[in-house]
>>> print(open('target.cif').read())   # mmCIF, C-alpha atoms (C1' of nucleotides)
data_query
#
loop_
_atom_site.label_atom_id
_atom_site.label_comp_id
_atom_site.auth_asym_id
_atom_site.auth_seq_id
_atom_site.Cartn_x
_atom_site.Cartn_y
_atom_site.Cartn_z
CA MET A 55 61.46 -5.00 -57.77
CA SER A 56 64.20 -5.85 -60.27
CA GLU A 57 66.70 -7.53 -57.94
CA GLN A 58 69.81 -5.97 -59.26
CA GLY A 59 73.23 -6.66 -57.93
CA SER A 60 74.77 -7.75 -54.69
CA GLU A 61 73.42 -4.74 -52.83
CA MET A 62 70.01 -6.36 -52.49
CA GLU A 63 71.73 -9.55 -51.43
CA ILE A 64 73.25 -7.68 -48.51
CA VAL A 65 69.92 -6.16 -47.55
CA HIS A 66 68.33 -9.59 -47.58
CA LEU A 67 71.16 -10.89 -45.50
CA LEU A 68 70.62 -8.13 -42.96
CA ARG A 69 66.92 -8.84 -42.85
CA LYS A 70 67.55 -12.54 -42.32
CA VAL A 71 69.78 -11.71 -39.39
CA THR A 72 67.09 -9.55 -37.82
CA VAL A 73 64.41 -12.20 -38.30
CA GLU A 74 66.59 -14.98 -36.95
CA PHE A 75 67.65 -12.85 -34.02
CA GLY A 76 64.00 -12.27 -33.21
CA LEU A 77 63.44 -16.01 -33.13
CA ARG A 78 66.41 -16.40 -30.79
CA GLN A 79 64.93 -13.87 -28.44
CA ALA A 80 61.65 -15.76 -28.48
CA GLU A 81 63.49 -18.99 -27.76
CA PHE A 82 65.38 -17.45 -24.85
CA ALA A 83 62.10 -16.05 -23.59
CA SER A 84 60.14 -19.26 -23.54
CA ARG A 85 63.09 -21.15 -22.12
CA HIS A 86 62.97 -18.89 -19.06
CA GLY A 87 59.22 -18.60 -18.67
CA MET A 88 59.06 -15.22 -20.32
CA HIS A 89 57.55 -13.66 -23.42
CA PRO A 90 59.39 -11.93 -26.26
CA THR A 91 58.22 -8.57 -25.01
CA ASP A 92 59.75 -9.24 -21.60
CA VAL A 93 63.12 -9.93 -23.20
CA ARG A 94 62.92 -6.78 -25.28
CA ALA A 95 62.07 -4.91 -22.09
CA LEU A 96 65.20 -6.23 -20.37
CA ILE A 97 67.31 -5.25 -23.38
CA CYS A 98 65.88 -1.73 -23.28
CA LEU A 99 66.56 -1.46 -19.56
CA LEU A 100 70.15 -2.60 -19.97
CA ASP A 101 70.65 -0.12 -22.79
CA ALA A 102 69.30 2.62 -20.53
CA GLU A 103 71.64 1.52 -17.77
CA ARG A 104 74.61 1.60 -20.13
CA ALA A 105 73.58 5.03 -21.36
CA GLY A 106 73.06 6.27 -17.81
CA THR A 107 69.40 7.13 -18.47
CA ASP A 108 66.72 6.79 -15.80
CA ALA A 109 64.47 3.89 -16.72
CA THR A 110 60.93 4.63 -15.63
CA ALA A 111 57.81 2.61 -16.31
CA GLY A 112 56.46 5.15 -18.78
CA TRP A 113 59.76 5.36 -20.63
CA LEU A 114 59.86 1.59 -20.98
CA GLY A 115 56.31 1.51 -22.31
CA ALA A 116 57.24 4.08 -24.94
CA GLN A 117 60.29 2.04 -25.99
CA LEU A 118 58.18 -1.09 -26.38
CA GLY A 119 55.19 0.60 -27.96
CA LEU A 120 52.90 -0.53 -25.16
CA ASN A 121 50.20 1.42 -23.40
CA SER A 122 50.30 1.92 -19.65
CA ALA A 123 48.29 -1.17 -18.83
CA GLY A 124 50.52 -3.42 -20.87
CA THR A 125 53.61 -1.76 -19.44
CA THR A 126 52.48 -2.43 -15.90
CA ALA A 127 51.86 -6.05 -16.83
CA VAL A 128 55.38 -6.47 -18.28
CA ILE A 129 56.95 -4.98 -15.19
CA ASP A 130 54.79 -7.14 -12.95
CA ARG A 131 55.92 -10.27 -14.78
CA LEU A 132 59.60 -9.35 -14.66
CA GLU A 133 59.36 -8.38 -11.00
CA ARG A 134 57.60 -11.63 -10.16
CA LEU A 135 60.46 -13.54 -11.82
CA GLY A 136 63.00 -11.51 -9.85
CA HIS A 137 64.62 -10.01 -12.95
CA LEU A 138 63.63 -6.52 -11.92
CA THR A 139 62.99 -4.27 -8.93
CA ARG A 140 60.65 -1.33 -8.73
CA GLY A 141 61.71 1.73 -6.80
CA ARG A 142 60.09 5.10 -6.39
CA ASP A 143 62.06 8.05 -7.67
CA PRO A 144 62.82 10.20 -4.61
CA ARG A 145 62.84 13.35 -6.75
CA ASP A 146 59.42 12.72 -8.28
CA ARG A 147 57.54 10.16 -6.30
CA ARG A 148 55.00 9.50 -9.02
CA ARG A 149 57.75 7.89 -11.08
CA VAL A 150 58.77 4.26 -10.75
CA LEU A 151 62.44 3.58 -11.42
CA LEU A 152 63.32 0.15 -12.73
CA ALA A 153 66.53 -1.70 -11.93
CA VAL A 154 67.60 -4.95 -13.61
CA ASP A 155 68.80 -7.67 -11.28
CA PRO A 156 72.41 -8.73 -11.95
CA ARG A 157 71.34 -12.35 -12.16
CA ALA A 158 69.07 -11.50 -15.09
CA VAL A 159 72.10 -10.05 -16.85
CA GLU A 160 74.05 -13.23 -16.24
CA LEU A 161 71.16 -15.28 -17.59
CA GLY A 162 71.25 -13.24 -20.78
CA TRP A 163 74.97 -13.61 -21.16
CA ALA A 164 74.81 -17.37 -20.72
CA PHE A 165 72.48 -17.49 -23.71
CA PHE A 166 73.59 -14.67 -25.98
CA GLY A 167 77.24 -14.60 -24.94
CA PRO A 168 78.43 -17.36 -27.27
CA LEU A 169 76.43 -15.87 -30.09
CA ILE A 170 78.03 -12.48 -29.52
CA GLU A 171 81.45 -14.07 -29.15
CA ASN A 172 81.14 -15.74 -32.53
CA THR A 173 80.17 -12.49 -34.16
CA VAL A 174 82.96 -10.54 -32.51
CA THR A 175 85.50 -13.17 -33.44
CA VAL A 176 84.99 -12.50 -37.13
CA LEU A 177 85.64 -8.83 -36.60
CA ARG A 178 89.06 -9.54 -35.14
CA ASP A 179 90.28 -10.61 -38.54
CA PHE A 180 89.07 -7.38 -40.12
CA ASP A 181 91.46 -4.57 -40.80
CA GLU A 182 90.78 -0.95 -40.01
CA SER A 183 88.95 -0.06 -43.23
CA GLU A 184 86.82 -3.18 -43.12
CA THR A 185 85.48 -2.58 -39.62
CA ALA A 186 84.91 1.01 -40.62
CA ALA A 187 82.86 -0.18 -43.60
CA VAL A 188 80.75 -2.45 -41.40
CA ARG A 189 80.19 0.32 -38.90
CA ARG A 190 79.31 2.76 -41.65
CA PHE A 191 76.86 0.34 -43.22
CA LEU A 192 75.13 -0.50 -39.94
CA SER A 193 74.90 3.17 -39.00
CA ALA A 194 73.24 3.89 -42.34
CA ALA A 195 70.87 0.98 -41.90
CA HIS A 196 70.03 2.21 -38.43
CA ARG A 197 69.31 5.69 -39.72
CA ALA A 198 67.21 4.30 -42.57
CA VAL A 199 65.19 2.18 -40.19
CA THR A 200 64.81 4.93 -37.58
CA ALA A 201 63.66 7.67 -39.96
CA ILE A 202 59.95 8.30 -39.50
CA PRO A 203 58.11 8.67 -42.83
CA MET B 22 81.07 -8.58 -19.65
CA SER B 23 84.08 -6.33 -20.04
CA GLU B 24 82.90 -4.17 -22.92
CA GLN B 25 86.13 -4.01 -24.77
CA GLY B 26 86.73 -2.16 -27.98
CA SER B 27 84.74 -1.15 -30.99
CA GLU B 28 83.75 -4.73 -31.72
CA MET B 29 81.07 -4.61 -29.06
CA GLU B 30 79.98 -1.28 -30.42
CA ILE B 31 79.30 -2.91 -33.75
CA VAL B 32 77.38 -5.74 -32.12
CA HIS B 33 75.24 -3.22 -30.25
CA LEU B 34 74.68 -1.36 -33.47
CA LEU B 35 73.55 -4.53 -35.17
CA ARG B 36 71.20 -5.30 -32.31
CA LYS B 37 69.74 -1.81 -32.45
CA VAL B 38 69.04 -2.26 -36.13
CA THR B 39 67.27 -5.54 -35.49
CA VAL B 40 65.19 -4.07 -32.67
CA GLU B 41 64.25 -0.98 -34.66
CA PHE B 42 63.43 -3.06 -37.70
CA GLY B 43 61.13 -5.14 -35.54
CA LEU B 44 59.31 -2.00 -34.46
CA ARG B 45 58.94 -0.97 -38.11
CA GLN B 46 57.41 -4.31 -38.92
CA ALA B 47 54.97 -3.88 -36.04
CA GLU B 48 54.08 -0.42 -37.30
CA PHE B 49 53.52 -1.68 -40.82
CA ALA B 50 51.42 -4.49 -39.38
CA SER B 51 49.06 -2.39 -37.31
CA ARG B 52 48.78 0.14 -40.09
CA HIS B 53 47.32 -2.58 -42.32
CA GLY B 54 45.20 -4.37 -39.76
CA MET B 55 47.73 -7.14 -39.24
CA HIS B 56 49.90 -8.49 -36.45
CA PRO B 57 53.70 -8.70 -36.42
CA THR B 58 53.52 -12.44 -36.94
CA ASP B 59 51.47 -11.95 -40.10
CA VAL B 60 54.13 -9.66 -41.54
CA ARG B 61 56.87 -12.11 -40.69
CA ALA B 62 54.81 -14.79 -42.38
CA LEU B 63 54.58 -12.75 -45.58
CA ILE B 64 58.33 -12.15 -45.51
CA CYS B 65 58.97 -15.87 -45.15
CA LEU B 66 56.63 -16.64 -48.03
CA LEU B 67 58.31 -14.11 -50.29
CA ASP B 68 61.70 -15.55 -49.38
CA ALA B 69 60.44 -18.99 -50.29
CA GLU B 70 59.10 -17.70 -53.58
CA ARG B 71 62.43 -16.07 -54.37
CA ALA B 72 64.26 -19.28 -53.49
CA GLY B 73 61.82 -21.36 -55.54
CA THR B 74 60.80 -23.42 -52.51
CA ASP B 75 57.28 -24.75 -52.07
CA ALA B 76 55.64 -22.84 -49.24
CA THR B 77 53.31 -25.16 -47.36
CA ALA B 78 51.39 -24.46 -44.19
CA GLY B 79 53.61 -26.71 -42.11
CA TRP B 80 56.79 -25.18 -43.51
CA LEU B 81 55.53 -21.72 -42.64
CA GLY B 82 54.67 -22.77 -39.11
CA ALA B 83 58.19 -24.11 -38.67
CA GLN B 84 59.70 -20.85 -39.93
CA LEU B 85 57.62 -18.85 -37.49
CA GLY B 86 57.98 -21.20 -34.56
CA LEU B 87 54.24 -21.73 -34.35
CA ASN B 88 52.32 -24.93 -33.81
CA SER B 89 49.78 -26.14 -36.30
CA ALA B 90 46.84 -24.37 -34.69
CA GLY B 91 48.59 -21.03 -34.68
CA THR B 92 49.79 -21.57 -38.23
CA THR B 93 46.26 -22.19 -39.45
CA ALA B 94 45.16 -19.01 -37.70
CA VAL B 95 47.88 -16.90 -39.38
CA ILE B 96 46.97 -18.27 -42.80
CA ASP B 97 43.28 -17.68 -42.12
CA ARG B 98 43.95 -14.05 -41.25
CA LEU B 99 46.14 -13.43 -44.29
CA GLU B 100 43.66 -15.17 -46.57
CA ARG B 101 40.80 -13.13 -45.14
CA LEU B 102 42.73 -9.94 -45.92
CA GLY B 103 43.37 -11.15 -49.44
CA HIS B 104 47.16 -11.21 -49.05
CA LEU B 105 47.30 -14.93 -49.61
CA THR B 106 45.64 -17.83 -51.38
CA ARG B 107 45.50 -21.44 -50.31
CA GLY B 108 45.84 -24.18 -52.91
CA ARG B 109 46.13 -27.91 -52.59
CA ASP B 110 49.35 -29.45 -53.84
CA PRO B 111 48.33 -31.72 -56.76
CA ARG B 112 51.28 -34.05 -56.07
CA ASP B 113 50.45 -34.56 -52.38
CA ARG B 114 46.91 -33.50 -51.72
CA ARG B 115 47.37 -33.35 -47.97
CA ARG B 116 49.63 -30.34 -48.44
CA VAL B 117 48.39 -26.76 -48.70
CA LEU B 118 50.48 -24.51 -50.94
CA LEU B 119 50.48 -20.81 -50.13
CA ALA B 120 50.77 -18.06 -52.72
CA VAL B 121 51.26 -14.39 -51.86
CA ASP B 122 49.00 -11.97 -53.70
CA PRO B 123 50.95 -9.47 -55.85
CA ARG B 124 49.10 -6.58 -54.22
CA ALA B 125 50.47 -7.61 -50.82
CA VAL B 126 53.96 -7.37 -52.30
CA GLU B 127 53.24 -3.87 -53.57
CA LEU B 128 51.94 -2.90 -50.15
CA GLY B 129 55.20 -4.01 -48.60
CA TRP B 130 57.29 -2.14 -51.16
CA ALA B 131 55.38 1.07 -50.57
CA PHE B 132 56.38 0.89 -46.93
CA PHE B 133 59.79 -0.76 -46.89
CA GLY B 134 60.97 0.36 -50.32
CA PRO B 135 62.30 3.77 -49.28
CA LEU B 136 63.96 2.21 -46.27
CA ILE B 137 65.68 -0.34 -48.45
CA GLU B 138 66.61 2.30 -51.01
CA ASN B 139 68.35 4.35 -48.34
CA THR B 140 70.32 1.37 -47.17
CA VAL B 141 71.31 0.34 -50.69
CA THR B 142 72.37 3.86 -51.55
CA VAL B 143 75.13 3.77 -48.96
CA LEU B 144 76.48 0.59 -50.44
CA ARG B 145 76.95 2.21 -53.84
CA ASP B 146 79.77 4.30 -52.40
CA PHE B 147 81.53 1.23 -51.09
CA ASP B 148 84.41 -0.30 -52.98
CA GLU B 149 84.86 -4.00 -53.63
CA SER B 150 86.62 -4.87 -50.37
CA GLU B 151 84.21 -2.87 -48.28
CA THR B 152 81.07 -4.57 -49.57
CA ALA B 153 82.91 -7.86 -49.19
CA ALA B 154 83.59 -6.99 -45.55
CA VAL B 155 79.94 -6.15 -44.90
CA ARG B 156 78.82 -9.34 -46.57
CA ARG B 157 81.33 -11.37 -44.63
CA PHE B 158 80.28 -9.79 -41.34
CA LEU B 159 76.57 -10.31 -41.94
CA SER B 160 77.12 -13.89 -43.05
CA ALA B 161 79.02 -14.55 -39.84
CA ALA B 162 76.31 -12.89 -37.77
CA HIS B 163 73.71 -14.97 -39.57
CA ARG B 164 75.63 -18.16 -38.88
CA ALA B 165 76.12 -17.19 -35.26
CA VAL B 166 72.45 -16.48 -34.82
CA THR B 167 71.31 -19.59 -36.70
CA ALA B 168 73.56 -22.07 -34.89
CA ILE B 169 71.44 -24.24 -32.59
CA PRO B 170 73.03 -24.72 -29.17
"C1'" DG C 273 44.25 25.83 -1.33
"C1'" DA C 274 41.76 24.57 -5.65
"C1'" DT C 275 42.71 22.73 -10.10
"C1'" DA C 276 45.24 20.90 -13.94
"C1'" DT C 277 48.75 17.76 -15.25
"C1'" DT C 278 51.60 13.72 -15.06
"C1'" DA C 279 52.88 8.80 -13.80
"C1'" DT C 280 51.29 4.60 -12.71
"C1'" DC C 281 47.95 1.16 -11.67
"C1'" DT C 282 43.23 -1.60 -11.87
"C1'" DC C 283 39.40 -3.66 -14.36
"C1'" DG C 284 37.06 -5.85 -18.17
"C1'" DC C 285 37.49 -7.38 -22.69
"C1'" DC C 286 39.53 -9.20 -27.25
"C1'" DG C 287 42.15 -12.18 -29.69
"C1'" DA C 288 46.89 -14.64 -30.73
"C1'" DG C 289 48.88 -18.83 -29.78
"C1'" DC C 290 48.93 -23.44 -27.34
"C1'" DG C 291 47.63 -28.43 -26.32
"C1'" DA C 292 44.80 -32.10 -27.55
"C1'" DG C 293 42.50 -34.38 -30.64
"C1'" DA C 294 39.83 -34.82 -35.27
"C1'" DT C 295 40.11 -35.40 -40.29
"C1'" DA C 296 41.97 -36.49 -44.66
"C1'" DA C 297 45.51 -37.99 -47.78
"C1'" DT C 298 49.62 -40.93 -48.58
"C1'" DA C 299 52.99 -44.74 -47.71
"C1'" DG C 300 54.10 -49.43 -46.32
"C1'" DA C 301 53.50 -54.24 -44.65
"C1'" DG C 302 51.41 -58.42 -45.37
"C1'" DC D 169 44.61 -54.87 -52.43
"C1'" DT D 170 43.28 -54.01 -47.75
"C1'" DC D 171 44.71 -52.64 -43.15
"C1'" DT D 172 47.60 -49.84 -40.45
"C1'" DA D 173 51.09 -46.22 -39.65
"C1'" DT D 174 52.44 -41.81 -40.88
"C1'" DT D 175 52.03 -37.12 -42.41
"C1'" DA D 176 49.65 -32.50 -43.23
"C1'" DT D 177 46.27 -29.64 -41.87
"C1'" DC D 178 42.34 -28.17 -39.35
"C1'" DT D 179 38.94 -27.60 -35.11
"C1'" DC D 180 37.92 -26.80 -30.26
"C1'" DG D 181 38.61 -24.99 -25.73
"C1'" DC D 182 41.61 -22.44 -22.97
"C1'" DT D 183 45.26 -19.21 -21.20
"C1'" DC D 184 47.17 -14.96 -20.92
"C1'" DG D 185 49.39 -10.71 -23.31
"C1'" DG D 186 47.88 -6.29 -24.64
"C1'" DC D 187 44.26 -2.59 -25.20
"C1'" DG D 188 40.75 1.05 -23.81
"C1'" DA D 189 38.74 3.33 -20.08
"C1'" DG D 190 38.92 4.97 -15.90
"C1'" DA D 191 40.88 5.16 -10.91
"C1'" DT D 192 44.59 6.78 -7.87
"C1'" DA D 193 48.45 9.31 -6.23
"C1'" DA D 194 52.04 12.70 -6.61
"C1'" DT D 195 53.48 17.12 -8.58
"C1'" DA D 196 52.98 21.63 -10.90
"C1'" DT D 197 50.36 25.95 -11.70
"C1'" DC D 198 47.53 29.76 -10.58
#
>>> encode(input="target.cif", output="structure tokens")
Amino acid sequence: MSEQGSEMEIVHLLRKVTVEFGLRQAEFASRHGMHPTDVRALICLLDAERAGTDATAGWLGAQLGLNSAGTTAVIDRLERLGHLTRGRDPRDRRRVLLAVDPRAVELGWAFFGPLIENTVTVLRDFDESETAAVRRFLSAAHRAVTAIP
Amino acid sequence: MSEQGSEMEIVHLLRKVTVEFGLRQAEFASRHGMHPTDVRALICLLDAERAGTDATAGWLGAQLGLNSAGTTAVIDRLERLGHLTRGRDPRDRRRVLLAVDPRAVELGWAFFGPLIENTVTVLRDFDESETAAVRRFLSAAHRAVTAIP
DNA sequence: GATATTATCTCGCCGAGCGAGATAATAGAG
DNA sequence: CTCTATTATCTCGCTCGGCGAGATAATATC
């Protein structure tokens, strides 16, 4: 508990960023008639797309920590808003493959783009070792937060 | 949209940390019979304590983006669990001052302590300019995320 | 072909959070 | 010093996200 040194300051800073980012997501959500969970769902789906992974309903539910009923509800909402399309997997026709609509992506960029731009801009002034330090720190934080105790 | 360079990689890394951290909070919450909002409330209250700010009901609601009804509900839940005590402000007796119970703090440390330790440990190997870089990056990210468009 | 397994969906319920309005304390105008 | 406006919090009724349980449909196993 003894707050010693600037290390804790950095941790607090990181935590503040995560909290504030969560609020931004919520703001984006309500501004577009969605709920925070829906936004997190879209983010997961875009990550899957980028990684080339198949995004099924069950997979999405697991990512979001929802049960099947809740997962269906999220997908229903996103489909109703046109941000998403369901499609049966031809290989395994029990599975539902999810595809994000390009317009949903644009919507996200309109909101988060400037925010990302600002963050990226700072990095341009960083030299090699500085960006490496940031990357190293974030990787460590990610590992620390992902580890399952 | 043109994902160029390692800058975007860092942004994605940061986002992953925030998302994963959110899931940890949710896990901590359900493990102690709380909801994510309740945990965020406790975090806000501890931040206020650390900063020496008076934590009133209204202030908390603003931090969490809740309206007054929801704020009252959060405080009720936390009070019922014994994580919190209400007290009237003697200076302005309309205001309700909130105080976090020390045992709630311990509870949080038992869960998040190791996680924080791991993160801090990495920083110990960083030299002056590297920690400065991390701090500068996170400050920028915080500003970017806090700016109200 | 009968059965077990897997992936998703439907139904009924609980409770978090909202809007509207009540209550209580303080601040200001005259 | 009283009457009114303002501020801080709380109460009530409601909506809807998410859960548990169970239904349905497609696939895998024997």
>>> residues_around(input="target.cif", residues="Ile96 of chain B", least_positions_apart="6", cutoff="12 Å", atoms="all atoms listed in the file", output="ChimeraX atom specification")
/B:55,58-63,66,76-79,81-82,85,87,89-90,102-108,117-121 /D:177-178
>>> closest_residue(input="target.cif", among="D:DT175, D:DT183, D:DT197, D:DT192", to="chain B", atoms="all atoms listed in the file")
D:DT175
>>> resolve_selection(input="target.cif", expression="the PyMOL selection byres ((chain D) within 9 of (chain A))", output="PDB file with C-alpha atoms (C1' of nucleotides), keeping the file's coordinate frame")
ATOM      1  C1'  DG D 185      49.390 -10.710 -23.310  1.00  0.00           C
ATOM      2  C1'  DG D 186      47.880  -6.290 -24.640  1.00  0.00           C
ATOM      3  C1'  DC D 187      44.260  -2.590 -25.200  1.00  0.00           C
ATOM      4  C1'  DA D 193      48.450   9.310  -6.230  1.00  0.00           C
ATOM      5  C1'  DA D 194      52.040  12.700  -6.610  1.00  0.00           C
ATOM      6  C1'  DT D 195      53.480  17.120  -8.580  1.00  0.00           C
TER       7       DT D 195
END
>>> closest_atom_pairs(input="target.cif", of="chain A", to="chain B", cutoff="8 Å", atoms="only C-alpha atoms", output="Markdown table")
| residue | atom | partner | partner_atom | distance |
| --- | --- | --- | --- | --- |
| A:Glu61 | CA | B:Val141 | CA | 5.9 |
| A:Met62 | CA | B:Val141 | CA | 7.1 |
| A:Ile64 | CA | B:Arg156 | CA | 6.1 |
| A:Val65 | CA | B:Ile137 | CA | 7.3 |
| A:Leu67 | CA | B:Leu159 | CA | 6.5 |
| A:Leu68 | CA | B:Leu159 | CA | 6.4 |
| A:Lys70 | CA | B:His163 | CA | 7.2 |
| A:Val71 | CA | B:His163 | CA | 5.1 |
| A:Thr72 | CA | B:Thr39 | CA | 4.6 |
| A:Val73 | CA | B:Thr39 | CA | 7.8 |
| A:Glu74 | CA | B:Val166 | CA | 6.4 |
| A:Phe75 | CA | B:Val166 | CA | 6.1 |
| A:Gly76 | CA | B:Thr39 | CA | 7.8 |
| A:Leu77 | CA | B:Gly86 | CA | 7.7 |
| A:Arg78 | CA | B:Val166 | CA | 7.3 |
| A:Leu169 | CA | B:Ala165 | CA | 5.3 |
| A:Ile170 | CA | B:Val32 | CA | 7.3 |
| A:Asn172 | CA | B:Ala165 | CA | 5.9 |
| A:Thr173 | CA | B:Ala162 | CA | 5.3 |
| A:Val174 | CA | B:Glu28 | CA | 5.9 |
| A:Val176 | CA | B:Ala161 | CA | 6.9 |
| A:Leu177 | CA | B:Glu28 | CA | 6.6 |
| A:Arg178 | CA | B:Glu28 | CA | 7.9 |
| A:Phe180 | CA | B:Ala154 | CA | 7.7 |
| A:Ser183 | CA | B:Glu151 | CA | 7.5 |
| A:Glu184 | CA | B:Ala154 | CA | 5.6 |
| A:Thr185 | CA | B:Ala154 | CA | 7.6 |
| A:Ala187 | CA | B:Glu151 | CA | 5.6 |
| A:Val188 | CA | B:Val155 | CA | 5.2 |
| A:Arg189 | CA | B:Ile31 | CA | 6.1 |
| A:Phe191 | CA | B:Val143 | CA | 6.9 |
| A:Leu192 | CA | B:Leu35 | CA | 6.4 |
| A:Ser193 | CA | B:Leu34 | CA | 7.2 |
| A:Ala194 | CA | B:Thr140 | CA | 6.2 |
| A:Ala195 | CA | B:Thr140 | CA | 5.3 |
| A:His196 | CA | B:Val38 | CA | 5.1 |
| A:Ala198 | CA | B:Leu136 | CA | 5.3 |
| A:Val199 | CA | B:Phe42 | CA | 6.1 |
| A:Thr200 | CA | B:Glu41 | CA | 6.6 |
>>> resolve_selection(input="target.cif", expression="the PyMOL selection byres ((chain C) within 8 of (chain A))", output="list in words")
DA279, DT280 and DC281 of chain C
>>> atom_distance(input="target.cif", atom1="atom CA of Ala69 of chain B", atom2="atom CA of Pro123 of chain B")
14.5 Å
>>> atom_distance(input="target.cif", atom1="atom C1' of DA276 of chain C", atom2="atom CA of Ala116 of chain A")
23.4 Å
>>> closest_residue(input="target.cif", among="C:DA301, C:DA274, C:DC283, C:DA288", to="DC171 of chain D", atoms="all atoms listed in the file")
C:DA301
>>> resolve_selection(input="target.cif", expression="the PyMOL selection byres ((chain D and resi 174) around 12)", output="list of chain:residue names")
C:DA297, C:DT298, C:DA299, C:DG300, D:DT172, D:DA173, D:DT175, D:DA176
>>> atom_distance(input="target.cif", atom1="atom C1' of DA196 of chain D", atom2="atom C1' of DT275 of chain C")
10.4 Å
>>> axis_aligned_box(input="target.cif", around="segment 112-131 of chain B", padding_each_side="8 Å", output="JSON")
{"center_x": 52.1, "center_y": -16.7, "center_z": -52.0, "size_x": 26.4, "size_y": 51.6, "size_z": 24.1}
>>> build_atoms(input="target.cif", residues="segment 90-102 of chain A", atoms="N, CA and C atoms", output="short mmCIF file (atom, residue, chain, number, x, y, z; two decimals), keeping the file's coordinate frame")
data_model
loop_
_atom_site.label_atom_id
_atom_site.label_comp_id
_atom_site.auth_asym_id
_atom_site.auth_seq_id
_atom_site.Cartn_x
_atom_site.Cartn_y
_atom_site.Cartn_z
N PRO A 90 58.45 -12.75 -25.49
CA PRO A 90 59.39 -11.93 -26.26
C PRO A 90 59.42 -10.49 -25.77
N THR A 91 58.27 -9.95 -25.48
CA THR A 91 58.22 -8.57 -25.01
C THR A 91 59.04 -8.37 -23.74
N ASP A 92 58.99 -9.35 -22.85
CA ASP A 92 59.75 -9.24 -21.60
C ASP A 92 61.24 -9.14 -21.90
N VAL A 93 61.70 -9.96 -22.84
CA VAL A 93 63.12 -9.93 -23.20
C VAL A 93 63.49 -8.58 -23.80
N ARG A 94 62.64 -8.09 -24.70
CA ARG A 94 62.92 -6.78 -25.28
C ARG A 94 62.94 -5.71 -24.20
N ALA A 95 62.08 -5.87 -23.20
CA ALA A 95 62.07 -4.91 -22.09
C ALA A 95 63.42 -4.93 -21.36
N LEU A 96 63.91 -6.12 -21.07
CA LEU A 96 65.20 -6.23 -20.37
C LEU A 96 66.30 -5.58 -21.20
N ILE A 97 66.30 -5.84 -22.50
CA ILE A 97 67.31 -5.25 -23.38
C ILE A 97 67.25 -3.73 -23.30
N CYS A 98 66.04 -3.18 -23.37
CA CYS A 98 65.88 -1.73 -23.28
C CYS A 98 66.43 -1.21 -21.96
N LEU A 99 66.12 -1.91 -20.88
CA LEU A 99 66.56 -1.46 -19.56
C LEU A 99 68.08 -1.49 -19.45
N LEU A 100 68.69 -2.52 -20.03
CA LEU A 100 70.15 -2.60 -19.97
C LEU A 100 70.77 -1.50 -20.82
N ASP A 101 70.16 -1.22 -21.97
CA ASP A 101 70.65 -0.12 -22.79
C ASP A 101 70.58 1.19 -22.02
N ALA A 102 69.47 1.39 -21.32
CA ALA A 102 69.30 2.62 -20.53
C ALA A 102 70.38 2.70 -19.47
#
